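Engineer: Sharing work_15.txt here; it has compact mmCIF, N, CA and C atoms.
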# COMPACT_ATOMS: atom_id res chain seq x y z
N MET A 1 15.64 -6.35 8.71
CA MET A 1 14.28 -6.06 8.33
C MET A 1 13.69 -7.31 7.68
N SER A 2 12.50 -7.68 8.10
CA SER A 2 11.85 -8.87 7.57
C SER A 2 11.28 -8.60 6.18
N LYS A 3 10.93 -9.66 5.49
CA LYS A 3 10.34 -9.51 4.16
C LYS A 3 9.02 -8.75 4.25
N ARG A 4 8.25 -9.00 5.30
CA ARG A 4 6.97 -8.30 5.49
C ARG A 4 7.20 -6.80 5.63
N GLU A 5 8.15 -6.41 6.46
CA GLU A 5 8.45 -4.99 6.65
C GLU A 5 8.95 -4.34 5.37
N ALA A 6 9.79 -5.05 4.62
CA ALA A 6 10.31 -4.51 3.37
C ALA A 6 9.17 -4.28 2.37
N MET A 7 8.25 -5.23 2.31
CA MET A 7 7.11 -5.08 1.39
C MET A 7 6.20 -3.93 1.84
N LEU A 8 6.02 -3.78 3.15
CA LEU A 8 5.20 -2.67 3.65
C LEU A 8 5.83 -1.32 3.30
N ARG A 9 7.14 -1.24 3.37
CA ARG A 9 7.82 0.01 3.00
C ARG A 9 7.66 0.31 1.52
N LYS A 10 7.78 -0.72 0.68
CA LYS A 10 7.59 -0.52 -0.76
C LYS A 10 6.16 -0.08 -1.04
N LEU A 11 5.22 -0.72 -0.37
CA LEU A 11 3.81 -0.39 -0.54
C LEU A 11 3.53 1.04 -0.10
N SER A 12 4.10 1.43 1.01
CA SER A 12 3.93 2.78 1.53
C SER A 12 4.50 3.82 0.55
N ALA A 13 5.67 3.54 -0.01
CA ALA A 13 6.27 4.45 -0.98
C ALA A 13 5.42 4.56 -2.24
N ALA A 14 4.89 3.44 -2.70
CA ALA A 14 4.04 3.45 -3.90
C ALA A 14 2.76 4.23 -3.65
N GLN A 15 2.19 4.08 -2.45
CA GLN A 15 0.98 4.79 -2.10
C GLN A 15 1.25 6.29 -2.00
N PHE A 16 2.40 6.65 -1.42
CA PHE A 16 2.78 8.06 -1.32
C PHE A 16 2.92 8.68 -2.71
N LYS A 17 3.61 7.98 -3.60
CA LYS A 17 3.79 8.49 -4.96
C LYS A 17 2.44 8.69 -5.65
N LEU A 18 1.56 7.71 -5.51
CA LEU A 18 0.24 7.79 -6.12
C LEU A 18 -0.53 8.99 -5.59
N TRP A 19 -0.49 9.20 -4.28
CA TRP A 19 -1.21 10.31 -3.67
C TRP A 19 -0.64 11.66 -4.10
N GLU A 20 0.68 11.77 -4.18
CA GLU A 20 1.29 13.03 -4.60
C GLU A 20 0.91 13.39 -6.04
N ILE A 21 0.90 12.40 -6.91
CA ILE A 21 0.49 12.65 -8.30
C ILE A 21 -0.98 13.06 -8.33
N HIS A 22 -1.79 12.39 -7.52
CA HIS A 22 -3.22 12.72 -7.44
C HIS A 22 -3.41 14.19 -7.03
N LEU A 23 -2.66 14.62 -6.01
CA LEU A 23 -2.76 16.01 -5.57
C LEU A 23 -2.34 16.98 -6.67
N TYR A 24 -1.29 16.66 -7.38
CA TYR A 24 -0.84 17.50 -8.49
C TYR A 24 -1.93 17.61 -9.54
N LEU A 25 -2.57 16.48 -9.85
CA LEU A 25 -3.61 16.48 -10.88
C LEU A 25 -4.85 17.24 -10.45
N ASP A 26 -5.05 17.45 -9.16
CA ASP A 26 -6.17 18.28 -8.70
C ASP A 26 -6.06 19.70 -9.24
N THR A 27 -4.83 20.19 -9.39
CA THR A 27 -4.63 21.55 -9.87
C THR A 27 -4.13 21.62 -11.31
N HIS A 28 -3.74 20.47 -11.89
CA HIS A 28 -3.23 20.42 -13.25
C HIS A 28 -3.87 19.26 -14.03
N PRO A 29 -5.19 19.25 -14.13
CA PRO A 29 -5.86 18.11 -14.76
C PRO A 29 -5.56 17.95 -16.25
N TRP A 30 -5.05 18.96 -16.88
CA TRP A 30 -4.75 18.91 -18.31
C TRP A 30 -3.37 18.32 -18.62
N ASP A 31 -2.58 18.02 -17.60
CA ASP A 31 -1.24 17.48 -17.79
C ASP A 31 -1.34 15.97 -18.09
N LEU A 32 -1.41 15.66 -19.38
CA LEU A 32 -1.63 14.27 -19.80
C LEU A 32 -0.46 13.36 -19.44
N HIS A 33 0.73 13.91 -19.41
CA HIS A 33 1.90 13.12 -19.01
C HIS A 33 1.72 12.61 -17.57
N MET A 34 1.22 13.48 -16.70
CA MET A 34 1.03 13.09 -15.31
C MET A 34 -0.19 12.18 -15.13
N VAL A 35 -1.17 12.32 -16.00
CA VAL A 35 -2.31 11.38 -15.96
C VAL A 35 -1.80 9.98 -16.25
N GLU A 36 -0.93 9.88 -17.25
CA GLU A 36 -0.33 8.58 -17.58
C GLU A 36 0.53 8.07 -16.42
N ALA A 37 1.29 8.96 -15.80
CA ALA A 37 2.12 8.58 -14.65
C ALA A 37 1.23 8.09 -13.49
N HIS A 38 0.10 8.74 -13.30
CA HIS A 38 -0.83 8.34 -12.25
C HIS A 38 -1.37 6.93 -12.52
N ASN A 39 -1.73 6.68 -13.75
CA ASN A 39 -2.26 5.36 -14.10
C ASN A 39 -1.23 4.26 -13.88
N LYS A 40 0.02 4.53 -14.23
CA LYS A 40 1.10 3.56 -14.01
C LYS A 40 1.35 3.36 -12.52
N ALA A 41 1.35 4.45 -11.77
CA ALA A 41 1.59 4.37 -10.33
C ALA A 41 0.45 3.60 -9.65
N GLU A 42 -0.77 3.79 -10.13
CA GLU A 42 -1.91 3.08 -9.55
C GLU A 42 -1.81 1.58 -9.81
N LEU A 43 -1.41 1.20 -11.01
CA LEU A 43 -1.23 -0.22 -11.32
C LEU A 43 -0.16 -0.85 -10.45
N LYS A 44 0.95 -0.12 -10.26
CA LYS A 44 2.04 -0.65 -9.43
C LYS A 44 1.58 -0.79 -7.98
N TYR A 45 0.87 0.21 -7.47
CA TYR A 45 0.39 0.15 -6.09
C TYR A 45 -0.55 -1.04 -5.90
N LYS A 46 -1.49 -1.21 -6.82
CA LYS A 46 -2.44 -2.32 -6.71
C LYS A 46 -1.73 -3.67 -6.77
N ALA A 47 -0.73 -3.79 -7.63
CA ALA A 47 0.02 -5.04 -7.74
C ALA A 47 0.77 -5.33 -6.44
N LEU A 48 1.42 -4.31 -5.87
CA LEU A 48 2.14 -4.49 -4.60
C LEU A 48 1.18 -4.84 -3.47
N ARG A 49 0.04 -4.16 -3.44
CA ARG A 49 -0.95 -4.44 -2.39
C ARG A 49 -1.46 -5.88 -2.49
N ASN A 50 -1.78 -6.32 -3.72
CA ASN A 50 -2.24 -7.69 -3.91
C ASN A 50 -1.18 -8.70 -3.52
N GLU A 51 0.08 -8.42 -3.89
CA GLU A 51 1.18 -9.32 -3.53
C GLU A 51 1.32 -9.42 -2.01
N PHE A 52 1.24 -8.28 -1.34
CA PHE A 52 1.36 -8.29 0.11
C PHE A 52 0.22 -9.09 0.74
N GLU A 53 -0.99 -8.85 0.30
CA GLU A 53 -2.15 -9.53 0.88
C GLU A 53 -2.13 -11.03 0.60
N GLU A 54 -1.59 -11.44 -0.53
CA GLU A 54 -1.48 -12.87 -0.83
C GLU A 54 -0.43 -13.54 0.06
N ASN A 55 0.66 -12.83 0.34
CA ASN A 55 1.76 -13.40 1.12
C ASN A 55 1.61 -13.27 2.63
N PHE A 56 0.90 -12.26 3.09
CA PHE A 56 0.86 -12.01 4.52
C PHE A 56 -0.56 -11.98 5.07
N CYS A 57 -1.21 -10.83 4.99
CA CYS A 57 -2.56 -10.71 5.54
C CYS A 57 -3.27 -9.55 4.85
N PRO A 58 -4.59 -9.51 4.95
CA PRO A 58 -5.33 -8.39 4.37
C PRO A 58 -4.94 -7.07 5.04
N LEU A 59 -4.93 -6.00 4.27
CA LEU A 59 -4.60 -4.69 4.82
C LEU A 59 -5.84 -3.96 5.34
N THR A 60 -7.00 -4.37 4.91
CA THR A 60 -8.24 -3.75 5.38
C THR A 60 -9.24 -4.84 5.75
N ALA A 61 -10.17 -4.49 6.60
CA ALA A 61 -11.20 -5.45 7.02
C ALA A 61 -12.07 -5.85 5.84
N ALA A 62 -12.23 -4.97 4.86
CA ALA A 62 -13.07 -5.27 3.70
C ALA A 62 -12.51 -6.43 2.88
N LYS A 63 -11.21 -6.64 2.93
CA LYS A 63 -10.57 -7.71 2.16
C LYS A 63 -10.52 -9.02 2.93
N ALA A 64 -10.85 -9.00 4.21
CA ALA A 64 -10.73 -10.19 5.05
C ALA A 64 -12.01 -11.01 5.05
N GLN A 65 -11.87 -12.26 5.40
CA GLN A 65 -13.00 -13.17 5.54
C GLN A 65 -13.17 -13.51 7.01
N GLY A 66 -14.22 -13.05 7.64
CA GLY A 66 -14.47 -13.38 9.03
C GLY A 66 -13.37 -12.91 9.97
N VAL A 67 -12.84 -13.83 10.76
CA VAL A 67 -11.83 -13.47 11.76
C VAL A 67 -10.42 -13.41 11.17
N GLN A 68 -10.28 -13.65 9.87
CA GLN A 68 -8.96 -13.59 9.23
C GLN A 68 -8.31 -12.23 9.49
N TRP A 69 -9.11 -11.18 9.56
CA TRP A 69 -8.61 -9.83 9.80
C TRP A 69 -7.86 -9.76 11.13
N LEU A 70 -8.26 -10.54 12.09
CA LEU A 70 -7.66 -10.49 13.42
C LEU A 70 -6.41 -11.35 13.55
N LYS A 71 -6.11 -12.18 12.56
CA LYS A 71 -4.99 -13.12 12.66
C LYS A 71 -3.64 -12.50 12.35
N GLY A 72 -3.61 -11.40 11.59
CA GLY A 72 -2.33 -10.77 11.24
C GLY A 72 -1.63 -10.27 12.49
N PRO A 73 -0.32 -10.18 12.51
CA PRO A 73 0.37 -9.69 13.70
C PRO A 73 0.03 -8.21 13.95
N TRP A 74 -0.16 -7.90 15.21
CA TRP A 74 -0.44 -6.52 15.61
C TRP A 74 0.90 -5.78 15.74
N PRO A 75 0.91 -4.46 15.60
CA PRO A 75 2.18 -3.72 15.64
C PRO A 75 3.00 -3.99 16.90
N TRP A 76 2.39 -4.19 18.04
CA TRP A 76 3.12 -4.41 19.28
C TRP A 76 3.61 -5.85 19.45
N GLU A 77 3.29 -6.71 18.49
CA GLU A 77 3.75 -8.09 18.57
C GLU A 77 5.14 -8.30 17.98
N PHE A 78 5.77 -7.24 17.52
CA PHE A 78 7.12 -7.33 16.98
C PHE A 78 8.12 -6.96 18.08
N GLU A 79 9.23 -7.66 18.11
CA GLU A 79 10.23 -7.42 19.17
C GLU A 79 10.74 -5.99 19.16
N GLU A 80 10.93 -5.42 17.97
CA GLU A 80 11.54 -4.11 17.87
C GLU A 80 10.54 -2.97 18.10
N CYS A 81 9.31 -3.29 18.48
CA CYS A 81 8.28 -2.28 18.72
C CYS A 81 8.65 -1.43 19.94
N ASP A 82 8.58 -0.13 19.78
CA ASP A 82 8.89 0.79 20.87
C ASP A 82 7.62 1.29 21.57
N CYS A 83 6.50 0.61 21.34
CA CYS A 83 5.26 1.11 21.91
C CYS A 83 4.97 0.54 23.28
Write the structure described by the file as C-alpha cells, please.
Structural biologist:
Amino acid sequence: MSKREAMLRKLSAAQFKLWEIHLYLDTHPWDLHMVEAHNKAELKYKALRNEFEENFCPLTAAKAQGVQWLKGPWPWEFEECDC
C-alpha cells in the first residue's frame, strides 16, 4: 500500500468517526462528553485532510487552483484498479 493510499484510509476513518458522532449528537445534543469528542474528531479530520492535500492533491475542486484539480491521479490510473 502506498503512502497516499494509507493516508486516504486514515482520512476516511477519521471522517467516518466524525460523521457517526455527528449522527449521535442529532438525537443526544445534551451529551457534552460527545460534543467534546466531536470537536476533537473534527480537528483531527481537518489536520489529516490538510496534510493529505499538502502532500498529494486537493480532495475537492473548491480547494484546487485552475487545472490543478485535474492533475491528481484518477482511480483507474493505479495498477491494482479492478475497474
Engineer: Rounded to one decimal in Å, what is the spacing between atom C of Thr60 of chain A and atom CA of Leu48 of chain A?
Structural biologist: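 Atom-to-atom, atom C of Thr60 of chain A and atom CA of Leu48 of chain A are spaced 15.4 Å apart.
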Engineer: Kindly indicate which residue among A:Cys57, A:His38, A:Tyr45, A:Lys3 lies nearest to Ile21 of chain A, using only N, CA and C atoms for the distances.
Structural biologist: A:His38
Engineer: Please provide as a VMD selection string all residues within 12 Å of Asn39 of chain A, with the sequence filter that same-chain residues fewer than 6 positions apart are discarded (counting only C-alpha atoms).
Structural biologist: chain A and resid 17 to 19 21 to 22 25 32 to 33 45 to 46
Engineer: Using only C-alpha atoms, can you tell me which of A:Glu20, A:Ala6, A:Ala47, A:Phe56 comes closest to Met34 of chain A?
Structural biologist: A:Glu20
Engineer: I'd like the interatomic distance between atom N of Met7 of chain A and atom N of Ala61 of chain A, to a tenth of an Å.
Structural biologist: 18.9 Å
Engineer: Report, in Å with one decimal, the straight-line distance from atom CA of Leu23 of chain A to atom CA of Arg4 of chain A.
Structural biologist: 28.4 Å
